[in-house]
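Take a look at the structure below.
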2 protein chains.
Amino acid sequence: MKMVSQLVIMISTVVFVSFCESLSYIWPLPWNCTWGNQTLSVDPSLSLLVNGNSLIVQQAFQRYKRIIFKHGSNLPPTGLHYHINSLHIFLKSDDEELQLGTDESYSLLVTKTDPHSIVGGITIQANSVYGALRALETISQLCIFNYEAKTVEIYKAPWFIQDKPRFSYRGLMLDTSRHYYPLSVIKQIIDSMAYAKLNVLHWHIIDEESFPLEVPTYPNLWKGAYSKWERYTVEDAYEIVSFAKMRGINVMAEVDVPGHAESWGVGYPDLWPSLSCREPLDVSKNFTFDVILGILRDMRKIFPFELFHLGGDEVNTGCWSSTPHVKQWLQEHNMTAKEAYQYFVVKAQELALSLNWTPVNWEETFNSFPEKLNPQTVVHNWLGGGVCPKAVSKGFRCIFSNQGFWYLDHLDVPWDDVYYADPLEGIRDVFEQKLVLGGEVCMWGETADPSNVQQTIWPRAAAAAERLWSNKEATSSRSSAQLALKRLEYFRCLLTRRGVQAAPVKNKYARTAPVGPGSCYAQ
Amino acid sequence: MKMVSQLVIMISTVVFVSFCESLSYIWPLPWNCTWGNQTLSVDPSLSLLVNGNSLIVQQAFQRYKRIIFKHGSNLPPTGLHYHINSLHIFLKSDDEELQLGTDESYSLLVTKTDPHSIVGGITIQANSVYGALRALETISQLCIFNYEAKTVEIYKAPWFIQDKPRFSYRGLMLDTSRHYYPLSVIKQIIDSMAYAKLNVLHWHIIDEESFPLEVPTYPNLWKGAYSKWERYTVEDAYEIVSFAKMRGINVMAEVDVPGHAESWGVGYPDLWPSLSCREPLDVSKNFTFDVILGILRDMRKIFPFELFHLGGDEVNTGCWSSTPHVKQWLQEHNMTAKEAYQYFVVKAQELALSLNWTPVNWEETFNSFPEKLNPQTVVHNWLGGGVCPKAVSKGFRCIFSNQGFWYLDHLDVPWDDVYYADPLEGIRDVFEQKLVLGGEVCMWGETADPSNVQQTIWPRAAAAAERLWSNKEATSSRSSAQLALKRLEYFRCLLTRRGVQAAPVKNKYARTAPVGPGSCYAQ
């Protein structure tokens, strides 16, 4: 890797401007940048040179070329000499393994192509293919179509950017049980996540309303789907995981037990305590845990991500106490209903752990019996503030989704409340801070469906995405809100240019229509 | 064309069921169908055989294969013997000229592949490539993915369908002045139009708020765009026309004069009567008509469709009467302001006619001075009922867009009011009926932008699309509303499966969120 060391020597002479506050065009904000005052034109025939054989990088390059040169296909040849003709990617490794903590950092250099230098054009240096993907996204945001000159240009060059994520877990939750999202819509969402450098799709597949996923071992389960067409085959799920991986996004599946599971019983009524009392899953039967294990075994083949979400939220044990055979079982096992809830969650955790998964559970499990949870457990906060501080003080890892800020179905939360929420709120100890994996915005599906999900997600999910990616100091002062707003409006319009239905930024309620005619950049 | 005559002989023995009321799955409803009770599987490697060399047909086949076999790419090989392996298209002509009245009729036969017959598999017969495109859409709606068998199937085969449009003009208007729509969004809209067999995109490019289109002859005009990025280059416009043509959709451009033109003056302030009174365009200056001619000349190269919309609506002549130099000009020419409005519209018509365009004007022109309009004029109704009857009784052609039913920005119009509106309302004479070219739903852009335009358009535009395509008798009885609703809900879900953000059908106000969890097919 001689070239790489030359590059490092060259760029080490550049003086860094700390932070990048004044950038107009990049979302989320990179960590360190320097820029100049040149305008460089970019060749529509931009070529890729990359070491290694990563198909993921090659396909990403083609994808970003289509995004960058959207206006290119019909343009007359300009006869121009372009300033930038090639994009070099230097990968430390072309290993395509994607997991929690996979290195996403990158350096990016944009200069005029100089035949005497190896570092002209665009140069990316990254430890992993996924760092290269993040760099390509940044480049695509630097490349701006000049409608007068009819060329793609990069302003304020030469650029040198060093960038990395603040948190390793930057998630978006999608609920496919309250409403079904066709494959094409899920792909649109994954595509848009990559634009904001989010890296985990938390797929809340199943809930009480419907069970859309095929489970080969228990083939009646997806009879709990809304209809025979509102389903995901095993192959659909593989396709989603693979499509996401190509964009550097892990898929964390969720099987929410023992509550939120009424739909399971449509195919297997024995899972209900009784026909008239259908939730939580019947804790008293071995069959219940057989089915869970069957589901997890089938899903393990599909979902390689090391985290797996077992839910555990909002468990009302009334049916257990009121159904004779379950009540009897509780008595025989000398358990209260609350203890049975704990018993269920811990048993489900053991099944997941036996399949080499790290369990994630909603915070009620931690709030109720922290000492019983497996120490590997990742606590998923949602009810309010202060939970991650408690969880990490006990040595658990934590994901921040405080519903007051990061529940996207709360339509009255303005963009800046989303933006200034912080996963490390209330955690001062550096070791404890490291236990916070990151955060996630949650798109619960009661009133979101394929017709409006994207404008409920965007632009507010982008506000959280910057919080999770960017340097906190550079993006935290309330006085910088105007600058952040300007960039977010720009990013929202960028999303619409890429075909994503991102809603106006400043409306009082999310996903509402623009109030009147006007420029995208001012709404 | 021996094969075609064999086909005609074979299908002439089939007994027709009049209408197709009981069809569950096709929107808009075809004219004549017979069906059986077989379920046929369709080979994901479906091959195309077509006479002629139409690229439009070949690309449409590939597009529809991607739609039909969306779940196919990841499926394990089944080892199945499929019932349908090939699609034959017999074209009377492979001429790709697309104009008003281009033949869109087709016959479609779906039977098991029989090695001894030329008509097994899927057989399309059409007079033009565009009839073949409509047939492909119908086929794509017949092909249904069976999630259990994991194959695409056609139910109720054998099918024989004979189909044709009721009206030659089936339009959707898009307003790119109140809000800008990026190229990718316009393409999404065109794609979705083809699914409903709409065939004219009426592009209301410019209005008082912004002038997004490049006009090479008057390069300052698009300085009236909202921003330097909310623009369409000439090449973008070519791209839209070409993309639409590939889907059998004409693009009718509009230059709305003399009102709704304030944005023109940003680049050329001389077009305003004065700096303080900016609309309508200054009728007193030759420069005004030079600019209009320059625009039309530049646009003529881009828009081959024979109809061109010259607007002419909502002209408030106050600025003419109150601006000294215009007032003086009126006096010198012995004109009232109202006569000057007529003078302006007729002069603009002459410019369009000189470029071999047929002028379309909003109904105010007809309401104000019908005897002065060029007899070729197509009157575009919008203010209410009864206008097309008057226009055709005077020998004009007419397009129906009664705002009480077909203005999509009227969010309180329910799907069935859209559905039962009829362009021929009040016209009994058969010759006069033929003067009604069809109708158009209008998507004015005051509160529609890329974030919500598709769910404002769909599903209600589909209701109008069926009115414009299907046999009136088969789709007119109010008692059939339940059947139509079921099919429309199905079509709405089909749109979402194709990635189109079609809103719930039954909400009181268009484009509002689903009221709660539930199946797409019931909302």
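Ordering of the structure tokens sets the chain letters (A, B, ...); residue numbers start at 1 within each chain; ligands are numbered from 1 in the order shown.
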Next item on the list: Return as number ranges by chain the residues belonging to chain B that are within 8 Å of chain A, counting only C-alpha atoms.
Entry: B: 71, 74-75, 145-147, 178-185, 188, 209, 226-231, 233, 235-236, 238-239, 445-452, 455, 496-504, 513-520
Margin query: Need the shell around B:Gly36: protein/DNA/RNA residues with any atom at most 6 Å away, counting only C-alpha atoms. Skip same-chain ones fewer than 5 positions apart. Format as a list in words?
Written below: Lys156, Ala157 and Pro158 of chain B
Check: Could you name the residues that touch stretch 259-265 of chain A at 7 Å or less, counting only C-alpha atoms, but leaving out those on the same chain fewer than 3 positions away, as a VMD selection string?
Finding: chain A and resid 207 to 211 221 224 256 268 to 272 278 to 281 312 to 315
Residue selection dump (C-alpha atoms) as a PDB file, in the first residue's frame:
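That gives us out-v4.pdb:
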```
ATOM      1  CA  ASP A 207     -46.860  -7.174  16.246  1.00  0.00           C
ATOM      2  CA  GLU A 208     -50.336  -7.926  17.514  1.00  0.00           C
ATOM      3  CA  GLU A 209     -52.051  -6.696  14.346  1.00  0.00           C
ATOM      4  CA  SER A 210     -50.350  -8.871  11.743  1.00  0.00           C
ATOM      5  CA  PHE A 211     -47.651 -11.491  11.219  1.00  0.00           C
ATOM      6  CA  LEU A 221     -47.678 -18.244  11.348  1.00  0.00           C
ATOM      7  CA  GLY A 224     -51.695 -13.932  10.720  1.00  0.00           C
ATOM      8  CA  ASP A 256     -41.523  -8.862  20.287  1.00  0.00           C
ATOM      9  CA  TYR A 268     -51.527 -21.455  16.019  1.00  0.00           C
ATOM     10  CA  PRO A 269     -54.364 -20.664  18.455  1.00  0.00           C
ATOM     11  CA  ASP A 270     -52.606 -22.699  21.150  1.00  0.00           C
ATOM     12  CA  LEU A 271     -50.267 -19.723  21.548  1.00  0.00           C
ATOM     13  CA  TRP A 272     -53.125 -17.698  22.978  1.00  0.00           C
ATOM     14  CA  ARG A 278     -55.103 -13.651  23.345  1.00  0.00           C
ATOM     15  CA  GLU A 279     -52.100 -11.804  24.700  1.00  0.00           C
ATOM     16  CA  PRO A 280     -49.384 -12.213  26.006  1.00  0.00           C
ATOM     17  CA  LEU A 281     -48.239 -15.525  24.501  1.00  0.00           C
ATOM     18  CA  GLY A 312     -40.506  -7.240  25.914  1.00  0.00           C
ATOM     19  CA  ASP A 313     -42.427  -3.955  26.135  1.00  0.00           C
ATOM     20  CA  GLU A 314     -45.947  -3.176  27.363  1.00  0.00           C
ATOM     21  CA  VAL A 315     -46.715  -6.606  28.745  1.00  0.00           C
TER      22      VAL A 315
END
```
Next item on the list: Step one, run DSSP on the backbone; step two, keep only residues of stretch 20-87 of chain A assigned to helix (DSSP H, G or I); then write them as an MDAnalysis selection string.
Entry: chainID A and resid 55:68
Checklist line | Close residues, stretch 52-60 of chain A itself excluded, 10 Å, only C-alpha atoms, min 5 positions apart in chain, as a PyMOL selection string | finding: chain A and resi 65-66+89-96+128-133+136-137+245-248
Checklist line | Two-atom distance - atom CA of B:Ile122, atom CA of B:Phe491 (Å) | finding: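 Distance between the two atoms: 22.2 Å.
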Margin query: Quick one: residues within 8 Å of A:Ala462, only C-alpha atoms, excluding same-chain residues fewer than 3 positions away - as a PyMOL selection string?
Written below: chain A and resi 27-28+196+458-459+465-466+488
Those selected residues, please, written with C-alpha atoms and delivered as a tab-separated table (two decimals), in the first residue's frame.
```tsv
chain	number	residue	atom	x	y	z
A	27	TRP	CA	-25.52	16.39	5.96
A	28	PRO	CA	-24.55	14.99	8.39
A	196	ALA	CA	-28.23	10.33	5.91
A	458	TRP	CA	-37.92	12.73	6.58
A	459	PRO	CA	-36.61	15.28	7.29
A	465	ALA	CA	-28.83	11.12	11.96
A	466	GLU	CA	-26.58	14.15	12.30
A	488	LEU	CA	-31.32	20.64	6.81
```
